[in-house]
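A.B. asks: TSV, C-alpha atoms and all ligand atoms, saved as model.tsv, coming up:
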chain	number	residue	atom	x	y	z
X	1	MET	CA	12.78	104.89	24.83
X	2	LYS	CA	11.13	108.02	26.12
X	3	LEU	CA	8.30	109.54	24.20
X	4	GLY	CA	8.64	113.26	24.54
X	5	CYS	CA	5.29	114.00	23.00
X	6	MET	CA	3.32	111.94	25.49
X	7	ARG	CA	4.19	113.70	28.72
X	8	PRO	CA	1.76	112.95	31.51
X	9	GLY	CA	0.19	115.72	33.46
X	10	ARG	CA	-0.30	118.21	30.68
X	11	GLY	CA	-3.48	120.18	30.86
X	12	TRP	CA	-6.42	120.18	28.54
X	13	SER	CA	-5.60	123.37	26.72
X	14	ARG	CA	-7.47	122.29	23.66
X	15	ARG	CA	-9.18	124.34	21.07
X	16	GLN	CA	-12.94	124.49	21.09
X	17	PRO	CA	-14.17	121.23	19.61
X	18	ARG	CA	-16.76	121.15	16.97
X	19	SER	CA	-19.08	118.46	15.89
X	20	LEU	CA	-21.10	117.55	12.86
X	21	LYS	CA	-24.39	116.04	13.78
X	22	ASN	CA	-27.02	114.78	11.42
X	23	ASN	CA	-24.67	115.52	8.55
X	24	ARG	CA	-24.61	119.25	9.30
X	25	VAL	CA	-21.57	121.18	10.40
X	26	SER	CA	-22.22	123.05	13.59
X	27	LYS	CA	-20.01	125.15	15.83
X	28	TYR	CA	-20.06	125.19	19.58
X	29	VAL	CA	-19.03	127.55	22.29
X	30	ILE	CA	-18.42	125.87	25.56
X	31	GLY	CA	-17.43	126.93	28.99
X	32	ALA	CA	-15.79	124.87	31.70
X	33	ARG	CA	-16.10	121.19	30.90
X	34	SER	CA	-15.20	118.19	33.00
X	35	TRP	CA	-12.58	115.83	31.64
X	36	TRP	CA	-15.06	113.43	30.11
X	37	GLN	CA	-16.93	116.25	28.44
X	38	ARG	CA	-13.71	117.44	26.88
X	39	ARG	CA	-13.14	113.95	25.52
X	40	ALA	CA	-16.64	113.48	24.24
X	41	PRO	CA	-18.09	114.70	20.96
X	42	LEU	CA	-19.92	117.93	21.64
X	43	ALA	CA	-23.03	116.69	19.97
X	44	VAL	CA	-23.90	114.96	23.20
X	45	SER	CA	-24.66	116.46	26.54
X	46	SER	CA	-23.58	113.53	28.68
X	47	PRO	CA	-20.59	111.21	28.44
X	48	PRO	CA	-21.27	109.14	25.32
X	49	HIS	CA	-20.09	105.96	26.93
X	50	ALA	CA	-21.92	106.32	30.21
X	51	ARG	CA	-25.43	106.42	28.88
X	52	THR	CA	-28.24	104.40	30.37
X	53	ASP	CA	-29.30	103.22	26.91
X	54	THR	CA	-29.64	99.46	27.14
X	55	SER	CA	-28.02	98.93	23.73
X	56	VAL	CA	-24.70	100.24	25.02
X	57	PRO	CA	-23.13	99.09	28.26
X	58	ARG	CA	-22.28	101.69	30.81
X	59	GLN	CA	-18.65	102.71	30.86
X	60	CYS	CA	-17.67	104.83	33.76
X	61	LEU	CA	-14.03	104.10	34.52
X	62	PRO	CA	-12.29	107.45	34.76
X	63	LEU	CA	-9.11	108.10	32.84
X	64	ALA	CA	-6.43	110.44	34.03
X	65	PRO	CA	-6.20	113.28	31.51
X	66	HIS	CA	-2.56	112.43	30.87
X	67	ILE	CA	-2.12	114.27	27.63
X	68	GLY	CA	-2.37	117.78	26.42
X	69	ALA	CA	-1.91	118.52	22.78
X	70	SER	CA	-0.85	114.97	21.88
X	71	MET	CA	-2.89	111.82	21.91
X	72	LEU	CA	-2.84	108.09	21.48
X	73	ILE	CA	-5.47	106.33	19.39
X	74	ALA	CA	-5.89	102.57	19.03
X	75	GLN	CA	-7.47	101.41	15.78
X	76	LEU	CA	-9.20	98.05	15.93
X	77	SER	CA	-10.77	96.70	12.79
X	78	ASP	CA	-12.85	93.92	11.36
X	79	LEU	CA	-13.86	92.40	14.66
X	80	HIS	CA	-16.45	90.10	13.09
X	81	VAL	CA	-18.12	89.55	16.42
X	82	CYS	CA	-20.49	86.60	16.47
X	83	ALA	CA	-23.22	85.67	18.89
X	84	PRO	CA	-21.87	84.11	22.09
X	85	GLU	CA	-20.43	80.62	21.58
X	86	VAL	CA	-20.53	81.00	17.79
X	87	LEU	CA	-17.32	80.79	15.74
X	88	TYR	CA	-16.65	83.10	12.80
X	89	HIS	CA	-17.12	80.97	9.69
X	90	GLY	CA	-17.31	78.04	12.08
X	91	LEU	CA	-13.53	78.19	12.51
X	92	ILE	CA	-12.24	81.22	14.37
X	93	ASP	CA	-13.21	82.43	17.82
X	94	SER	CA	-13.41	86.07	16.78
X	95	ASN	CA	-15.09	86.98	20.06
X	96	GLU	CA	-12.13	85.67	22.04
X	97	MET	CA	-9.76	87.44	19.62
X	98	LEU	CA	-11.49	90.72	20.39
X	99	VAL	CA	-11.20	90.05	24.11
X	100	ARG	CA	-7.44	89.55	23.60
X	101	ALA	CA	-7.19	92.72	21.52
X	102	ILE	CA	-8.90	94.74	24.23
X	103	ASP	CA	-6.66	93.09	26.84
X	104	SER	CA	-3.66	94.21	24.81
X	105	VAL	CA	-4.95	97.78	24.52
X	106	LEU	CA	-5.54	97.92	28.26
X	107	GLU	CA	-2.05	96.54	28.96
X	108	LEU	CA	-0.24	99.20	26.94
X	109	ASP	CA	2.06	101.25	29.12
X	110	LEU	CA	0.18	104.38	28.05
X	111	ARG	CA	-3.54	104.04	27.80
X	112	PRO	CA	-4.98	105.25	24.51
X	113	ASP	CA	-7.24	108.26	24.72
X	114	PHE	CA	-9.61	106.90	22.10
X	115	VAL	CA	-10.33	103.73	20.21
X	116	VAL	CA	-11.51	103.82	16.61
X	117	ILE	CA	-13.11	100.71	15.13
X	118	THR	CA	-13.02	100.70	11.35
X	119	GLY	CA	-15.92	98.50	10.41
X	120	ASP	CA	-17.09	94.91	10.20
X	121	VAL	CA	-17.98	95.06	13.85
X	122	THR	CA	-20.11	91.95	13.39
X	123	ALA	CA	-20.00	88.84	11.25
X	124	ASP	CA	-23.47	89.21	9.75
X	125	GLY	CA	-25.10	92.35	11.16
X	126	LEU	CA	-27.44	90.41	13.46
X	127	PRO	CA	-28.95	92.06	16.55
X	128	GLU	CA	-27.50	89.40	18.84
X	129	GLU	CA	-24.07	90.03	17.35
X	130	TYR	CA	-24.34	93.77	18.00
X	131	GLU	CA	-25.51	93.07	21.52
X	132	HIS	CA	-22.47	90.91	22.15
X	133	ALA	CA	-20.15	93.42	20.45
X	134	CYS	CA	-21.46	96.14	22.79
X	135	ALA	CA	-20.87	93.89	25.77
X	136	LEU	CA	-17.28	93.14	24.71
X	137	LEU	CA	-16.46	96.74	23.77
X	138	GLY	CA	-18.00	97.91	27.01
X	139	ARG	CA	-14.74	96.93	28.73
X	140	LEU	CA	-13.03	99.86	27.05
X	141	PRO	CA	-12.82	102.66	29.59
X	142	MET	CA	-12.03	105.30	27.00
X	143	PRO	CA	-14.41	106.69	24.34
X	144	TRP	CA	-14.65	104.55	21.24
X	145	TYR	CA	-15.97	105.37	17.82
X	146	VAL	CA	-17.30	102.91	15.27
X	147	ILE	CA	-18.05	102.93	11.57
X	148	PRO	CA	-19.84	100.21	9.61
X	149	GLY	CA	-18.28	97.73	7.21
X	150	ASN	CA	-19.67	95.53	4.49
X	151	HIS	CA	-20.56	92.79	6.98
X	152	ASP	CA	-22.59	95.21	9.07
X	153	LYS	CA	-26.18	96.21	8.44
X	154	ARG	CA	-26.65	99.97	8.45
X	155	GLU	CA	-29.92	100.23	10.36
X	156	ALA	CA	-29.04	97.50	12.84
X	157	PHE	CA	-25.70	99.26	13.35
X	158	ARG	CA	-27.42	102.61	13.89
X	159	GLN	CA	-29.79	101.05	16.39
X	160	ALA	CA	-27.03	99.25	18.29
X	161	PHE	CA	-24.77	102.28	18.68
X	162	ARG	CA	-27.20	105.19	18.71
X	163	GLY	CA	-26.74	105.55	22.46
X	164	LEU	CA	-23.15	106.58	21.90
X	165	GLY	CA	-24.44	109.89	20.65
X	166	PHE	CA	-22.46	110.51	17.48
X	167	LEU	CA	-24.39	108.69	14.76
X	168	PRO	CA	-26.87	110.61	12.57
X	169	GLU	CA	-30.51	109.58	12.88
X	170	THR	CA	-30.95	109.00	9.16
X	171	GLY	CA	-28.93	108.46	6.00
X	172	PRO	CA	-25.32	107.35	5.68
X	173	LEU	CA	-23.51	106.91	8.99
X	174	ASN	CA	-21.15	109.85	8.50
X	175	TYR	CA	-20.08	111.92	11.47
X	176	ALA	CA	-17.27	114.08	12.73
X	177	VAL	CA	-16.06	114.61	16.25
X	178	SER	CA	-13.29	116.58	17.83
X	179	LEU	CA	-10.56	114.63	19.56
X	180	GLY	CA	-9.08	117.76	21.06
X	181	ASN	CA	-6.67	119.25	18.54
X	182	LEU	CA	-7.43	116.54	16.03
X	183	ASN	CA	-10.70	116.06	14.17
X	184	LEU	CA	-12.04	112.62	13.38
X	185	VAL	CA	-14.13	112.35	10.23
X	186	ALA	CA	-15.97	109.06	9.78
X	187	LEU	CA	-17.32	108.04	6.38
X	188	ASP	CA	-19.90	105.37	5.66
X	189	SER	CA	-18.55	103.54	2.61
X	190	THR	CA	-20.94	100.61	2.80
X	191	ASP	CA	-23.17	99.59	-0.09
X	192	ASP	CA	-26.27	97.54	0.65
X	193	CYS	CA	-25.88	95.66	-2.61
X	194	SER	CA	-22.18	94.85	-2.61
X	195	HIS	CA	-19.22	93.86	-0.49
X	196	ALA	CA	-17.28	96.54	-2.37
X	197	GLY	CA	-17.51	100.08	-1.06
X	198	SER	CA	-18.91	103.28	-2.50
X	199	LEU	CA	-19.40	106.89	-1.45
X	200	ASP	CA	-22.63	108.53	-2.54
X	201	ASP	CA	-22.93	112.18	-3.50
X	202	GLN	CA	-24.49	113.04	-0.14
X	203	THR	CA	-21.44	111.66	1.63
X	204	LEU	CA	-18.95	113.44	-0.62
X	205	LEU	CA	-20.74	116.79	-0.23
X	206	TRP	CA	-20.89	116.29	3.51
X	207	LEU	CA	-17.17	115.49	3.60
X	208	GLU	CA	-16.30	118.60	1.60
X	209	ASP	CA	-18.34	120.69	4.00
X	210	ALA	CA	-16.67	119.10	7.00
X	211	LEU	CA	-13.13	119.55	5.69
X	212	LEU	CA	-13.81	123.18	4.79
X	213	SER	CA	-15.04	123.79	8.32
X	214	PHE	CA	-11.72	122.54	9.72
X	215	GLU	CA	-9.86	125.28	7.81
X	216	GLY	CA	-6.75	123.14	7.47
X	217	ARG	CA	-6.60	122.00	11.07
X	218	PRO	CA	-5.45	118.36	11.52
X	219	ALA	CA	-7.93	115.62	10.78
X	220	LEU	CA	-8.08	111.86	10.47
X	221	VAL	CA	-10.49	110.40	7.95
X	222	VAL	CA	-11.74	106.90	8.73
X	223	MET	CA	-13.66	104.61	6.40
X	224	HIS	CA	-14.01	100.86	6.06
X	225	HIS	CA	-13.07	100.28	2.43
X	226	PRO	CA	-9.59	101.38	1.37
X	227	PRO	CA	-10.02	103.88	-1.47
X	228	PHE	CA	-6.69	102.80	-2.99
X	229	SER	CA	-5.39	99.81	-4.88
X	230	CYS	CA	-3.25	97.59	-2.65
X	231	GLY	CA	-1.85	95.26	-5.32
X	232	ILE	CA	-3.65	92.12	-4.19
X	233	SER	CA	-6.15	91.50	-6.95
X	234	TYR	CA	-8.73	89.64	-4.90
X	235	LEU	CA	-8.78	92.50	-2.40
X	236	ASP	CA	-8.80	95.29	-4.96
X	237	ALA	CA	-11.90	93.69	-6.47
X	238	TYR	CA	-13.77	94.66	-3.30
X	239	GLY	CA	-12.29	98.10	-2.67
X	240	CYS	CA	-14.04	101.46	-2.79
X	241	VAL	CA	-15.26	102.13	-6.31
X	242	ASP	CA	-15.31	105.88	-5.70
X	243	GLY	CA	-11.67	106.05	-4.68
X	244	GLU	CA	-10.69	108.46	-7.46
X	245	LYS	CA	-13.48	110.89	-6.59
X	246	LEU	CA	-12.41	110.78	-2.97
X	247	ALA	CA	-8.75	111.25	-3.90
X	248	GLY	CA	-9.65	114.43	-5.79
X	249	LEU	CA	-11.54	115.76	-2.81
X	250	ILE	CA	-9.01	114.73	-0.14
X	251	GLY	CA	-6.12	115.98	-2.24
X	252	ARG	CA	-7.54	119.53	-2.27
X	253	HIS	CA	-7.51	119.89	1.50
X	254	ARG	CA	-4.68	120.55	3.90
X	255	GLY	CA	-4.39	119.01	7.32
X	256	ILE	CA	-5.51	115.46	6.61
X	257	GLU	CA	-3.01	113.41	8.55
X	258	ALA	CA	-4.16	110.06	7.17
X	259	VAL	CA	-7.05	108.02	5.86
X	260	LEU	CA	-7.53	105.01	8.14
X	261	CYS	CA	-9.29	101.95	6.80
X	262	GLY	CA	-10.03	98.31	7.50
X	263	HIS	CA	-11.66	95.70	5.26
X	264	VAL	CA	-8.58	94.01	3.80
X	265	HIS	CA	-7.52	92.28	7.03
X	266	ARG	CA	-3.94	93.35	6.44
X	267	SER	CA	-1.68	96.19	7.53
X	268	ILE	CA	-0.98	98.18	4.35
X	269	VAL	CA	0.36	101.72	3.96
X	270	ARG	CA	0.65	103.89	0.88
X	271	LYS	CA	1.00	107.50	-0.09
X	272	TRP	CA	-2.33	108.58	-1.53
X	273	ALA	CA	-4.05	111.86	-2.39
X	274	ASN	CA	-1.29	113.98	-0.83
X	275	THR	CA	-1.63	112.16	2.46
X	276	LEU	CA	-1.11	108.69	3.92
X	277	ALA	CA	-3.66	105.94	3.58
X	278	MET	CA	-3.44	102.79	5.60
X	279	SER	CA	-5.42	99.74	6.56
X	280	ALA	CA	-5.41	98.00	9.91
X	281	PRO	CA	-5.24	94.25	10.41
X	282	SER	CA	-8.34	92.45	11.55
X	283	THR	CA	-8.51	91.36	15.15
X	284	ALA	CA	-10.09	88.14	13.89
X	285	SER	CA	-8.16	86.82	10.89
X	286	GLU	CA	-5.55	87.63	8.28
X	287	ILE	CA	-6.04	87.63	4.50
X	288	ALA	CA	-3.17	86.05	2.57
X	289	LEU	CA	-0.46	88.09	0.89
X	290	ARG	CA	-0.65	86.73	-2.64
X	291	LEU	CA	0.41	89.20	-5.30
X	292	SER	CA	-0.13	87.15	-8.45
X	293	PRO	CA	-3.16	88.41	-10.41
X	294	LEU	CA	-4.30	84.80	-10.64
X	295	ALA	CA	-3.82	84.02	-6.96
X	296	THR	CA	-6.47	82.11	-5.09
X	297	PRO	CA	-7.87	84.09	-2.12
X	298	ALA	CA	-7.16	82.67	1.29
X	299	SER	CA	-7.45	83.64	4.93
X	300	PHE	CA	-5.46	82.54	7.95
X	301	SER	CA	-5.68	82.73	11.67
X	302	ALA	CA	-3.12	85.17	12.99
X	303	PRO	CA	-2.05	86.79	16.24
X	304	VAL	CA	-4.26	89.64	17.36
X	305	GLY	CA	-3.28	92.81	15.54
X	306	TYR	CA	-4.21	96.47	15.56
X	307	LEU	CA	-2.74	99.89	14.88
X	308	LEU	CA	-1.64	102.39	17.47
X	309	HIS	CA	-1.54	105.99	16.26
X	310	MET	CA	0.48	108.55	18.18
X	311	TRP	CA	-0.35	112.07	17.14
X	312	SER	CA	1.07	115.40	18.22
X	313	PRO	CA	1.24	118.82	16.58
X	314	VAL	CA	5.05	118.50	16.56
X	315	ASN	CA	5.48	115.02	15.11
X	316	GLY	CA	2.22	114.58	13.28
X	317	LEU	CA	1.12	110.98	13.01
X	318	VAL	CA	3.34	108.06	14.00
X	319	THR	CA	1.72	104.65	13.61
X	320	HIS	CA	2.77	101.35	15.14
X	321	LEU	CA	1.52	97.91	14.20
X	322	VAL	CA	0.80	96.03	17.42
X	323	ARG	CA	0.80	92.25	17.50
X	324	SER	CA	-0.22	90.53	20.67
X	325	GLY	CA	0.72	87.04	21.68
X	326	LEU	CA	4.00	86.75	19.74
X	327	ALA	CA	6.37	86.80	22.72
X	328	LEU	CA	6.12	85.18	26.11
X	329	ASP	CA	8.37	87.47	28.10
X	330	PRO	CA	9.83	90.92	27.54
X	331	LEU	CA	13.56	90.92	26.74
X	332	PRO	CA	16.12	93.54	27.72
X	333	PHE	CA	16.40	96.44	25.30
X	334	PHE	CA	19.24	95.73	22.86
E	1	FE	FE	-13.78	92.20	7.46
As a first step, turn the structure in this file into structure tokens.

C.D. replies:
Amino acid sequence: MKLGCMRPGRGWSRRQPRSLKNNRVSKYVIGARSWWQRRAPLAVSSPPHARTDTSVPRQCLPLAPHIGASMLIAQLSDLHVCAPEVLYHGLIDSNEMLVRAIDSVLELDLRPDFVVITGDVTADGLPEEYEHACALLGRLPMPWYVIPGNHDKREAFRQAFRGLGFLPETGPLNYAVSLGNLNLVALDSTDDCSHAGSLDDQTLLWLEDALLSFEGRPALVVMHHPPFSCGISYLDAYGCVDGEKLAGLIGRHRGIEAVLCGHVHRSIVRKWANTLAMSAPSTASEIALRLSPLATPASFSAPVGYLLHMWSPVNGLVTHLVRSGLALDPLPFF
């Protein structure tokens, strides 16, 4: 099947990006920019994934600028990276699962332009876990953006990924970057005292400011905790407690293509706040689908899974659930 919106060879005729750094909206005027500069958040002056910062491996593989107005975004979530040779909960090789997920992303017939990682990058927020996560994610040749989850530690997270250039120096890890014609707005929904999520007033004010600055142009909002009820009681107990506040805010703005989340280790989609909200599967494990209010929580090992978002001004957002390792050989199309 041909994908008309993903024609190779289209130029970079994108609108001037904008960036929000240190929780402040700022506008930029740029001149000629090389291809990596056009892909990078404007808050940085060098390619965010080719820094010499020792906390982030150098990534310098060039990508052909194969898209114009459309783009492909892979969403990985809940990686739960452990220190080398350590199993997640002593049972699952989450590090190897991430390697397989990245393999799958790199084997796609069209290479994603960006990767978004929606939280729980590490199992316990330990420095050695972040170091290993950076090493594994360093294989990605395209820019990648991360947000924290409840298993991350905010300051350790900030320290580990500060070299990428998009995280604020203080406060909640909220940021916004331009992905060409699409804005990415990242919210920090973590709560130091709970595995459930919350959004403080500072974050909500910042989000309102950011969305106003977009003036209705397309945006993706990403956050770790789903702000909606998913119908699985043991997951809803750890959702985002400020979901209704966020729904009121999101619902007032045009152009929000979707709210992309992680946390629940399941692929779930629902209409919410006049847009779509969805969660990505974990690359590491699957949480059981048990709908009874009295169900006992359970997790399973599962094939590597992630979401692949195709976006274009014509079609909007089209999302595919990718599972890797289910089939041995491709079959004819029938
Ligand atoms: Fe998780």

A.B. asks: Kindly give the distance, in Å, that separates atom CA of Leu205 of chain X and atom CA of Leu246 of chain X, rounded to a single decimal.

C.D. replies: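 One can read the atom CA of Leu205 of chain X to atom CA of Leu246 of chain X distance as 10.6 Å.
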
A.B. asks: Could you give me, as a ChimeraX atom specification, every polymer residue with an atom at most 6 Å away from an atom of ligand FE 1 (chain E), counting all atoms listed in the file?

C.D. replies: /X:78,120,263

A.B. asks: Ranking X:Arg158, X:His80, X:His224, X:His320 by minimum distance to Ala196 of chain X and counting all atoms listed in the file, which one comes first?

C.D. replies: X:His224

A.B. asks: Rank nothing, just name the residue among X:Tyr88, X:Trp272, X:Trp311, X:Phe157 nearest to Gly119 of chain X, using all atoms listed in the file.

C.D. replies: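 Going through X:Tyr88, X:Trp272, X:Trp311, X:Phe157 one by one, the smallest distance to Gly119 of chain X is for X:Phe157.
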
A.B. asks: Excluding segment 292-296 of chain X and residues on its chain fewer than 5 positions from it, collect all residues at most 12 Å away from it, counting all atoms listed in the file, and give them as a PyMOL selection string.

C.D. replies: chain X and resi 231-237+287

A.B. asks: Compare X:Val177, X:Ala247, X:Asn274, X:Val99 by their minimum atom-to-atom distance to His132 of chain X, counting only C-alpha atoms, and give me the closest one.

C.D. replies: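 Of all the options, X:Val99 lies closest to His132 of chain X.
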
A.B. asks: For atom CA of Ile268 of chain X and atom CA of Gly180 of chain X, quote the distance in Å rounded to one decimal.

C.D. replies: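 Between atom CA of Ile268 of chain X and atom CA of Gly180 of chain X the gap is 27.0 Å.
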
A.B. asks: Atom CA of Leu199 of chain X to atom CA of Tyr306 of chain X: how many Å, to one decimal?

C.D. replies: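 Atom-to-atom, atom CA of Leu199 of chain X to atom CA of Tyr306 of chain X, that is 25.1 Å.
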
A.B. asks: Find the residues near Gly149 of chain X: any atom within 10 Å, counting only C-alpha atoms, skip ones fewer than 4 places away on the same chain, and give them as a list in words.

C.D. replies: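 Result of the neighbour search: Ser77, Asp78, His80, Ile117, Thr118, Gly119, Asp120, Val121, Thr122, Ala123, Gly125, Lys153, Arg154, Phe157, Asp188, Ser189, Thr190, Asp191, His195, Ala196, Gly197, Met223, His224, His225, Cys261, Gly262 and His263 of chain X.
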
A.B. asks: Using only C-alpha atoms, find the one residue out of X:Pro112, X:Thr283, X:His265, X:Leu308 that sits nearest to Arg100 of chain X.

C.D. replies: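 So, comparing all the options, the nearest one is X:Thr283.
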
A.B. asks: If we draw a sphere of 6 Å around (-6.0, 84.0, 4.5), which residues have at least one atom in it when counting all atoms listed in the file? Please report them as a list in words.

C.D. replies: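 Taken together, the residues in range are Glu286, Ile287, Ala288, Ala298, Ser299 and Phe300 of chain X.
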
A.B. asks: Select, from X:Phe161, X:Tyr175, X:Tyr145, X:Phe228, the residue with the minimum atom-to-atom distance to Thr203 of chain X, counting only C-alpha atoms.

C.D. replies: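 That would be X:Tyr175, the residue with the smallest distance to Thr203 of chain X.
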
A.B. asks: May I ask which of the residues X:Leu204, X:Leu167, X:Leu108, X:Met71 is the closest one to Asn183 of chain X, counting only C-alpha atoms?

C.D. replies: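 For Asn183 of chain X, the nearest of the candidates is X:Met71.
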
A.B. asks: Got a sec: who's within 9 Å of Leu321 of chain X, counting all atoms listed in the file, leaving out chain neighbours fewer than 2 positions off, as a ChimeraX atom specification?

C.D. replies: /X:267,280-281,305-309,319,323

A.B. asks: Compile the contact shell of Val115 of chain X as an mmCIF file with C-alpha atoms, in the coordinates of the input: residues with an atom at most 10 Å away, counting only C-alpha atoms, same-chain residues fewer than 4 positions apart removed.

C.D. replies:
data_model
loop_
_atom_site.group_PDB
_atom_site.id
_atom_site.type_symbol
_atom_site.label_atom_id
_atom_site.label_comp_id
_atom_site.auth_asym_id
_atom_site.auth_seq_id
_atom_site.Cartn_x
_atom_site.Cartn_y
_atom_site.Cartn_z
ATOM 1 C CA LEU X 72 -2.840 108.090 21.480
ATOM 2 C CA ILE X 73 -5.470 106.330 19.390
ATOM 3 C CA ALA X 74 -5.890 102.570 19.030
ATOM 4 C CA GLN X 75 -7.470 101.410 15.780
ATOM 5 C CA LEU X 76 -9.200 98.050 15.930
ATOM 6 C CA ILE X 102 -8.900 94.740 24.230
ATOM 7 C CA VAL X 105 -4.950 97.780 24.520
ATOM 8 C CA LEU X 137 -16.460 96.740 23.770
ATOM 9 C CA LEU X 140 -13.030 99.860 27.050
ATOM 10 C CA PRO X 141 -12.820 102.660 29.590
ATOM 11 C CA MET X 142 -12.030 105.300 27.000
ATOM 12 C CA PRO X 143 -14.410 106.690 24.340
ATOM 13 C CA TRP X 144 -14.650 104.550 21.240
ATOM 14 C CA TYR X 145 -15.970 105.370 17.820
ATOM 15 C CA VAL X 146 -17.300 102.910 15.270
ATOM 16 C CA LEU X 308 -1.640 102.390 17.470
ATOM 17 C CA HIS X 309 -1.540 105.990 16.260
#

A.B. asks: Missing atoms in segment 203-218 of chain X: can you complete it with N, CA and C atoms, as a PDB file, in the frame of the given file?

C.D. replies:
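Printed below is out_13.pdb as written:
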ATOM      1  N   THR X 203     -22.610 111.835   0.772  1.00  0.00           N
ATOM      2  CA  THR X 203     -21.440 111.660   1.630  1.00  0.00           C
ATOM      3  C   THR X 203     -20.285 112.548   1.176  1.00  0.00           C
ATOM      4  N   LEU X 204     -20.062 112.627  -0.122  1.00  0.00           N
ATOM      5  CA  LEU X 204     -18.950 113.440  -0.620  1.00  0.00           C
ATOM      6  C   LEU X 204     -19.193 114.930  -0.348  1.00  0.00           C
ATOM      7  N   LEU X 205     -20.426 115.388  -0.529  1.00  0.00           N
ATOM      8  CA  LEU X 205     -20.740 116.790  -0.230  1.00  0.00           C
ATOM      9  C   LEU X 205     -20.568 117.077   1.261  1.00  0.00           C
ATOM     10  N   TRP X 206     -21.026 116.135   2.062  1.00  0.00           N
ATOM     11  CA  TRP X 206     -20.890 116.290   3.510  1.00  0.00           C
ATOM     12  C   TRP X 206     -19.406 116.358   3.896  1.00  0.00           C
ATOM     13  N   LEU X 207     -18.596 115.501   3.285  1.00  0.00           N
ATOM     14  CA  LEU X 207     -17.170 115.490   3.600  1.00  0.00           C
ATOM     15  C   LEU X 207     -16.514 116.819   3.209  1.00  0.00           C
ATOM     16  N   GLU X 208     -16.866 117.322   2.033  1.00  0.00           N
ATOM     17  CA  GLU X 208     -16.300 118.600   1.600  1.00  0.00           C
ATOM     18  C   GLU X 208     -16.643 119.697   2.605  1.00  0.00           C
ATOM     19  N   ASP X 209     -17.884 119.700   3.025  1.00  0.00           N
ATOM     20  CA  ASP X 209     -18.340 120.690   4.000  1.00  0.00           C
ATOM     21  C   ASP X 209     -17.550 120.564   5.310  1.00  0.00           C
ATOM     22  N   ALA X 210     -17.381 119.329   5.743  1.00  0.00           N
ATOM     23  CA  ALA X 210     -16.670 119.100   7.000  1.00  0.00           C
ATOM     24  C   ALA X 210     -15.218 119.568   6.900  1.00  0.00           C
ATOM     25  N   LEU X 211     -14.543 119.187   5.821  1.00  0.00           N
ATOM     26  CA  LEU X 211     -13.130 119.550   5.690  1.00  0.00           C
ATOM     27  C   LEU X 211     -12.958 121.056   5.565  1.00  0.00           C
ATOM     28  N   LEU X 212     -13.877 121.718   4.874  1.00  0.00           N
ATOM     29  CA  LEU X 212     -13.810 123.180   4.790  1.00  0.00           C
ATOM     30  C   LEU X 212     -13.954 123.804   6.177  1.00  0.00           C
ATOM     31  N   SER X 213     -14.812 123.225   6.986  1.00  0.00           N
ATOM     32  CA  SER X 213     -15.040 123.790   8.320  1.00  0.00           C
ATOM     33  C   SER X 213     -13.803 123.668   9.199  1.00  0.00           C
ATOM     34  N   PHE X 214     -12.924 122.708   8.908  1.00  0.00           N
ATOM     35  CA  PHE X 214     -11.720 122.540   9.720  1.00  0.00           C
ATOM     36  C   PHE X 214     -10.653 123.591   9.384  1.00  0.00           C
ATOM     37  N   GLU X 215     -10.777 124.214   8.228  1.00  0.00           N
ATOM     38  CA  GLU X 215      -9.860 125.280   7.810  1.00  0.00           C
ATOM     39  C   GLU X 215      -8.395 124.841   7.923  1.00  0.00           C
ATOM     40  N   GLY X 216      -8.125 123.621   7.504  1.00  0.00           N
ATOM     41  CA  GLY X 216      -6.750 123.140   7.470  1.00  0.00           C
ATOM     42  C   GLY X 216      -6.238 122.545   8.764  1.00  0.00           C
ATOM     43  N   ARG X 217      -7.071 122.586   9.816  1.00  0.00           N
ATOM     44  CA  ARG X 217      -6.600 122.000  11.070  1.00  0.00           C
ATOM     45  C   ARG X 217      -6.550 120.467  10.928  1.00  0.00           C
ATOM     46  N   PRO X 218      -5.719 119.801  11.731  1.00  0.00           N
ATOM     47  CA  PRO X 218      -5.450 118.360  11.520  1.00  0.00           C
ATOM     48  C   PRO X 218      -6.709 117.503  11.633  1.00  0.00           C
TER      49      PRO X 218
END
